[in-house]
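Asks: What follows is a single structure, and I will ask about it in a moment.
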Protein chains: 2
Amino acid sequence: MARQGLTRGDIIAAAIKMIESEGLHNFSLRELASRLHIKAASLYNHIRNMDELYTEVGFYAISELKKAQLGAIAGKRRGEAVEALADAYHRFGKERPEIYKVILSLPMVKNDAIHRAGFDIVEPIMAAMADYHLTGAQMMHLQRIFRSILHGFISQEEAGCFRQYPVDVGDSYRMAVRGFILLLENSEKEAHA
Amino acid sequence: MARQGLTRGDIIAAAIKMIESEGLHNFSLRELASRLHIKAASLYNHIRNMDELYTEVGFYAISELKKAQLGAIAGKRRGEAVEALADAYHRFGKERPEIYKVILSLPMVKNDAIHRAGFDIVEPIMAAMADYHLTGAQMMHLQRIFRSILHGFISQEEAGCFRQYPVDVGDSYRMAVRGFILLLENSEKEAHA
DNA sequence: TCTGAAAACTAACAGTGTTAGTATATTGTA
DNA sequence: TACAATATACTAACACTGTTAGTTTTCAGA
């Protein structure tokens with residue numbers, strides 16, 4: 001029909017918009033195509049398949065998360081930086097849950113590009129811990145632990161797993177972050193003992 | 001055809017078996033029906049829909065996880081109990097990843113039965129922490145934090161997110177658990193200050 | 001102006017969960 | 001033992017999914 005010069009970028013942008021508004025679960029190529037006023041089959045002129053489109057959305061999501069994290073820790077050091085990072089991460093997960101889910105479900109294995117993008121998530125964490133006097137190995141372990149805490153907390157909160165008890169969820173989160181800082185300080189002592 | 005007296009329990013059991021062997025992703029009602037030598041539509045004589053079947057599998061998964069956890073902490077106290085619980089949880093996630101995924105994706109919200117089943121996961125954690133001298137509120141927070149660490153770690157490990165650095169993943173896990181025990185001890189001091 | 005590529009189309013395939021309506025086998029009861 | 005009711009299975013179909021093949025149309029560069 002009346003061609004509208006649709007680009008690959010337009011399609012990715014529309015996919016992001018649709019996932020954010022309708023939820024990852026309700027995403028479909030036919031509905032996406034409909035929003036772009038084309039047929040589903042026409043999407044394949046721009047993307048190889050749904051997985052590829054999904055991966056592109058993932059790259060966007062990772063870059064957004066990285067941006068939020070780096071912005072949060074700018075000019076901060078040690079505990080303050082760690083807390084700011086945790087806050088930014090938490091805020092991202094709560095404000096953009098569907099986009100956050102895309103990151104989680106990216107197939108880190110078997111895809112080199114995604115694997116490389118994974119470093120974009122690690123980088124701000126490493127930066128936030130930079131002012132602690134830690135060994136390289138310690139930082140690698142602690143970065144994994146920090147990510148586990150953040151991701152574990154957010155995904156369970158999102159899933160509604162934290163409604164069993166009346167205590168404030170925000171308080172739990174702050175306590176978790178404080179616990180991690182405790183471990184950071186403890187590791188610092190061990191490194192210089 | 002030649003009716004075989006298939007029960008609801010048979011179907012749930014077959015679903016569990018199929019999910020464990022073929023992966024949650026490859027599960028389908030038609031294939032499940034085929035394995036039971038019936039047609040897909042016949043499944044609806046025993047289950048309301050796929051979600052309900054899924055929920056039943058989730059109940060099984062939760063009870064299995066609970067069993068593993070309670071068995072692990074039996075006769076142990078404090079740090080030893082916490083470490084044993086973490087080990088059992090980790091082992092469950094690694095040995096039965098597909099069944100574990102079912103638990104994660106259960107819609108805790110909006111379903112009372114699932115919500116109640118959620119307590120089965122919390123219970124062993126509370127038991128493991130019982131010998132620490134903590135307030136009720138502290139235990140509620142710490143239980144959330146422990147679950148966050150365990151779940152966050154296992155799901156990221158499973159997703160292949162921990163391959164970016166060469167340090168041993170088992171070491172990271174032990175360090176995370178040690179960090180949580182540190183927080184437990186610290187909270188104990190605060191409670192009695 | 002012609003050619004070739006890019007971008008759209010239609011039609012179809014194989015797969016999904018699900019429902020309606022129908023036949024048959026088993027079970028409980030008169 | 002015969003009959004009615006229930007449970008279990010069936011077939012056929014619907015609406016949806018991602019995806020491919022083959023075809024037309026539009027646009028841009030030589």
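Simple scheme: letters A, B, ... for chains in structure tokens order, numbers from 1 for residues in each chain, numbers from 1 for ligands in the order shown.
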Pick out each residue of stretch 5-157 of chain B that DSSP on the backbone tags as helix (DSSP H, G or I); I need them as a ChimeraX atom specification.
Replies: /B:8-22,24-26,29-35,40-45,50-73,78-95,97-104,112-129,136-157
Asks: For stretch 177-189 of chain B, please output as a list in words all residues within 8 Å (counting only C-alpha atoms (C1' of nucleotides); exclusion window: fewer than 3 positions along the same chain).
Replies: Gly179, Phe180, Leu182 and Leu183 of chain A; Gly79, Val82, Glu83, Ala86, Tyr132, His133, Leu134, Gln138, Leu142, Phe146, Tyr173, Arg174, His192 and Ala193 of chain B
Asks: At a cut-off of 10 Å, list the chain C residues touching chain A, using only C-alpha atoms (C1' of nucleotides), as a list in words.
Replies: DA6, DA7, DA8, DC9 and DT10 of chain C
Asks: Write out as an mmCIF file with C-alpha atoms, in the first residue's frame the residues lying within 9 Å of B:Ala127, counting only C-alpha atoms (C1' of nucleotides) and excluding same-chain residues fewer than 4 positions away.
Replies:
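Everything below was put into out.cif:
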```
data_model
loop_
_atom_site.group_PDB
_atom_site.id
_atom_site.type_symbol
_atom_site.label_atom_id
_atom_site.label_comp_id
_atom_site.auth_asym_id
_atom_site.auth_seq_id
_atom_site.Cartn_x
_atom_site.Cartn_y
_atom_site.Cartn_z
ATOM 1 C CA LEU B 70 12.907 -28.537 56.208
ATOM 2 C CA ILE B 73 17.741 -27.615 58.574
ATOM 3 C CA ALA B 81 20.937 -23.958 59.749
ATOM 4 C CA VAL B 122 8.653 -18.657 54.241
ATOM 5 C CA GLU B 123 8.173 -21.171 57.022
ATOM 6 C CA ASP B 131 17.583 -19.413 67.206
#
```
Asks: Could the residues of chain D that have an atom at most 9 Å from chain A be listed as JSON lines, each with its closest atom pair and the distance in Å to one decimal, counting only C-alpha atoms (C1' of nucleotides) and ordered by chain and ascending residue number?
Replies:
```
{"residue": "D:DT17", "atom": "C1'", "partner": "A:Ser28", "partner_atom": "CA", "distance": 7.8}
{"residue": "D:DG18", "atom": "C1'", "partner": "A:Met50", "partner_atom": "CA", "distance": 7.7}
{"residue": "D:DT19", "atom": "C1'", "partner": "A:Ala41", "partner_atom": "CA", "distance": 8.0}
{"residue": "D:DT20", "atom": "C1'", "partner": "A:Ala41", "partner_atom": "CA", "distance": 8.9}
{"residue": "D:DT25", "atom": "C1'", "partner": "A:Met1", "partner_atom": "CA", "distance": 7.2}
{"residue": "D:DT26", "atom": "C1'", "partner": "A:Arg3", "partner_atom": "CA", "distance": 7.1}
```
Asks: What's around stretch 8-23 of chain B at 7 Å? Count only C-alpha atoms (C1' of nucleotides), leave out sequence neighbours fewer than 5 positions away in its own chain, and write the answer as a list in words.
Replies: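 Near stretch 8-23 of chain B, the qualifying residues are Leu32, His46, Leu53, Glu56, Val57, Glu98 and Ile99 of chain B.
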Asks: Can those selected residues be exported to a file as a PDB file, in the first residue's frame so that it contains C-alpha atoms?
Replies:
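Ended up saving to selection_12.pdb:
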```pdb
ATOM      1  CA  LEU B  32       0.496 -33.486  27.285  1.00  0.00           C
ATOM      2  CA  HIS B  46     -10.401 -32.687  34.603  1.00  0.00           C
ATOM      3  CA  LEU B  53      -3.105 -26.911  35.814  1.00  0.00           C
ATOM      4  CA  GLU B  56      -1.439 -27.231  40.613  1.00  0.00           C
ATOM      5  CA  VAL B  57       2.078 -27.881  39.379  1.00  0.00           C
ATOM      6  CA  GLU B  98      12.031 -26.032  35.300  1.00  0.00           C
ATOM      7  CA  ILE B  99       9.981 -26.824  38.370  1.00  0.00           C
TER       8      ILE B  99
END
```
Asks: Using only C-alpha atoms, which chain A residues lie at most 6 Å away from chain B, written as number ranges by chain?
Replies: A: 108-109, 141, 145, 148-149, 151-153, 160, 172, 176, 179, 183
Asks: Could you save those same residues with C-alpha atoms as an mmCIF file, in the first residue's frame?
Replies:
```cif
data_model
loop_
_atom_site.group_PDB
_atom_site.id
_atom_site.type_symbol
_atom_site.label_atom_id
_atom_site.label_comp_id
_atom_site.auth_asym_id
_atom_site.auth_seq_id
_atom_site.Cartn_x
_atom_site.Cartn_y
_atom_site.Cartn_z
ATOM 1 C CA MET A 108 22.502 -14.349 28.100
ATOM 2 C CA VAL A 109 23.784 -17.679 26.931
ATOM 3 C CA HIS A 141 32.040 -11.819 43.860
ATOM 4 C CA ILE A 145 25.958 -10.631 45.269
ATOM 5 C CA SER A 148 21.391 -10.934 43.311
ATOM 6 C CA ILE A 149 20.022 -8.837 46.141
ATOM 7 C CA HIS A 151 17.189 -8.401 41.277
ATOM 8 C CA GLY A 152 15.877 -10.913 43.783
ATOM 9 C CA PHE A 153 14.168 -8.243 45.791
ATOM 10 C CA GLY A 160 3.635 -9.925 44.981
ATOM 11 C CA SER A 172 13.224 -4.260 54.015
ATOM 12 C CA ALA A 176 19.144 -5.324 52.563
ATOM 13 C CA GLY A 179 23.551 -5.432 54.920
ATOM 14 C CA LEU A 183 29.625 -7.041 53.801
#
```
Asks: Taking only C-alpha atoms into account, name the residue in B:Arg77, B:Thr135, B:Leu65, B:Ile47 that is nearest to B:Gly93.
Replies: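 That would be B:Leu65, the residue with the smallest distance to B:Gly93.
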Asks: Can you list, as a ChimeraX atom specification, every protein, DNA or RNA residue that comes within 12 Å of D:DT6 when you count only C-alpha atoms (C1' of nucleotides), leaving out same-chain residues fewer than 4 positions away?
Replies: /C:24-28
Asks: Find the residues around C:DA5 up to 12 Å (only C-alpha atoms (C1' of nucleotides) counted), leave out those fewer than 4 positions away in its own chain, and share them as JSON, numbers by chain.
Replies: {"D": [26, 27, 28, 29]}
Asks: Take the selection from the previous step and output its residues with N, CA and C atoms (P, O5', C5', C4', C3', O3' and C1' of nucleotides), as a compact mmCIF listing (two decimals), in the first residue's frame.
Replies:
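The resulting again_22.txt:
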```
# COMPACT_ATOMS: atom_id res chain seq x y z
P DT D 26 1.67 2.16 -5.87
O5' DT D 26 2.88 2.98 -5.24
C5' DT D 26 3.32 2.63 -3.91
C4' DT D 26 4.82 2.78 -3.82
C3' DT D 26 5.37 4.08 -4.39
O3' DT D 26 5.89 4.82 -3.33
C1' DT D 26 6.76 2.23 -4.90
P DC D 27 6.12 6.43 -3.51
O5' DC D 27 7.71 6.53 -3.46
C5' DC D 27 8.40 5.82 -2.43
C4' DC D 27 9.78 5.47 -2.91
C3' DC D 27 10.60 6.64 -3.46
O3' DC D 27 11.65 6.90 -2.54
C1' DC D 27 10.88 4.65 -4.76
P DA D 28 12.52 8.29 -2.64
O5' DA D 28 13.93 7.72 -3.15
C5' DA D 28 14.38 6.47 -2.64
C4' DA D 28 15.64 6.02 -3.37
C3' DA D 28 16.55 7.15 -3.86
O3' DA D 28 17.90 6.77 -3.65
C1' DA D 28 15.84 5.84 -5.71
P DG D 29 19.09 7.83 -3.98
O5' DG D 29 19.86 7.08 -5.16
C5' DG D 29 20.25 5.71 -4.99
C4' DG D 29 20.79 5.16 -6.30
C3' DG D 29 21.84 6.04 -6.99
O3' DG D 29 22.83 5.19 -7.56
C1' DG D 29 20.00 5.75 -8.43
```
Asks: Grab the atom CA of A:Arg78 to atom CA of A:Pro124 distance for me, in Å with one decimal place.
Replies: 12.7 Å
Asks: Tell me, in Å to one decimal, how far atom CA of B:Arg91 is from atom CA of B:Ala72.
Replies: 10.9 Å
Asks: Just to confirm, what's the straight-line distance from atom CA of B:Tyr100 to atom CA of A:Phe27 in Å (one decimal)?
Replies: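 Straight-line distance from atom CA of B:Tyr100 to atom CA of A:Phe27 works out to 24.9 Å.
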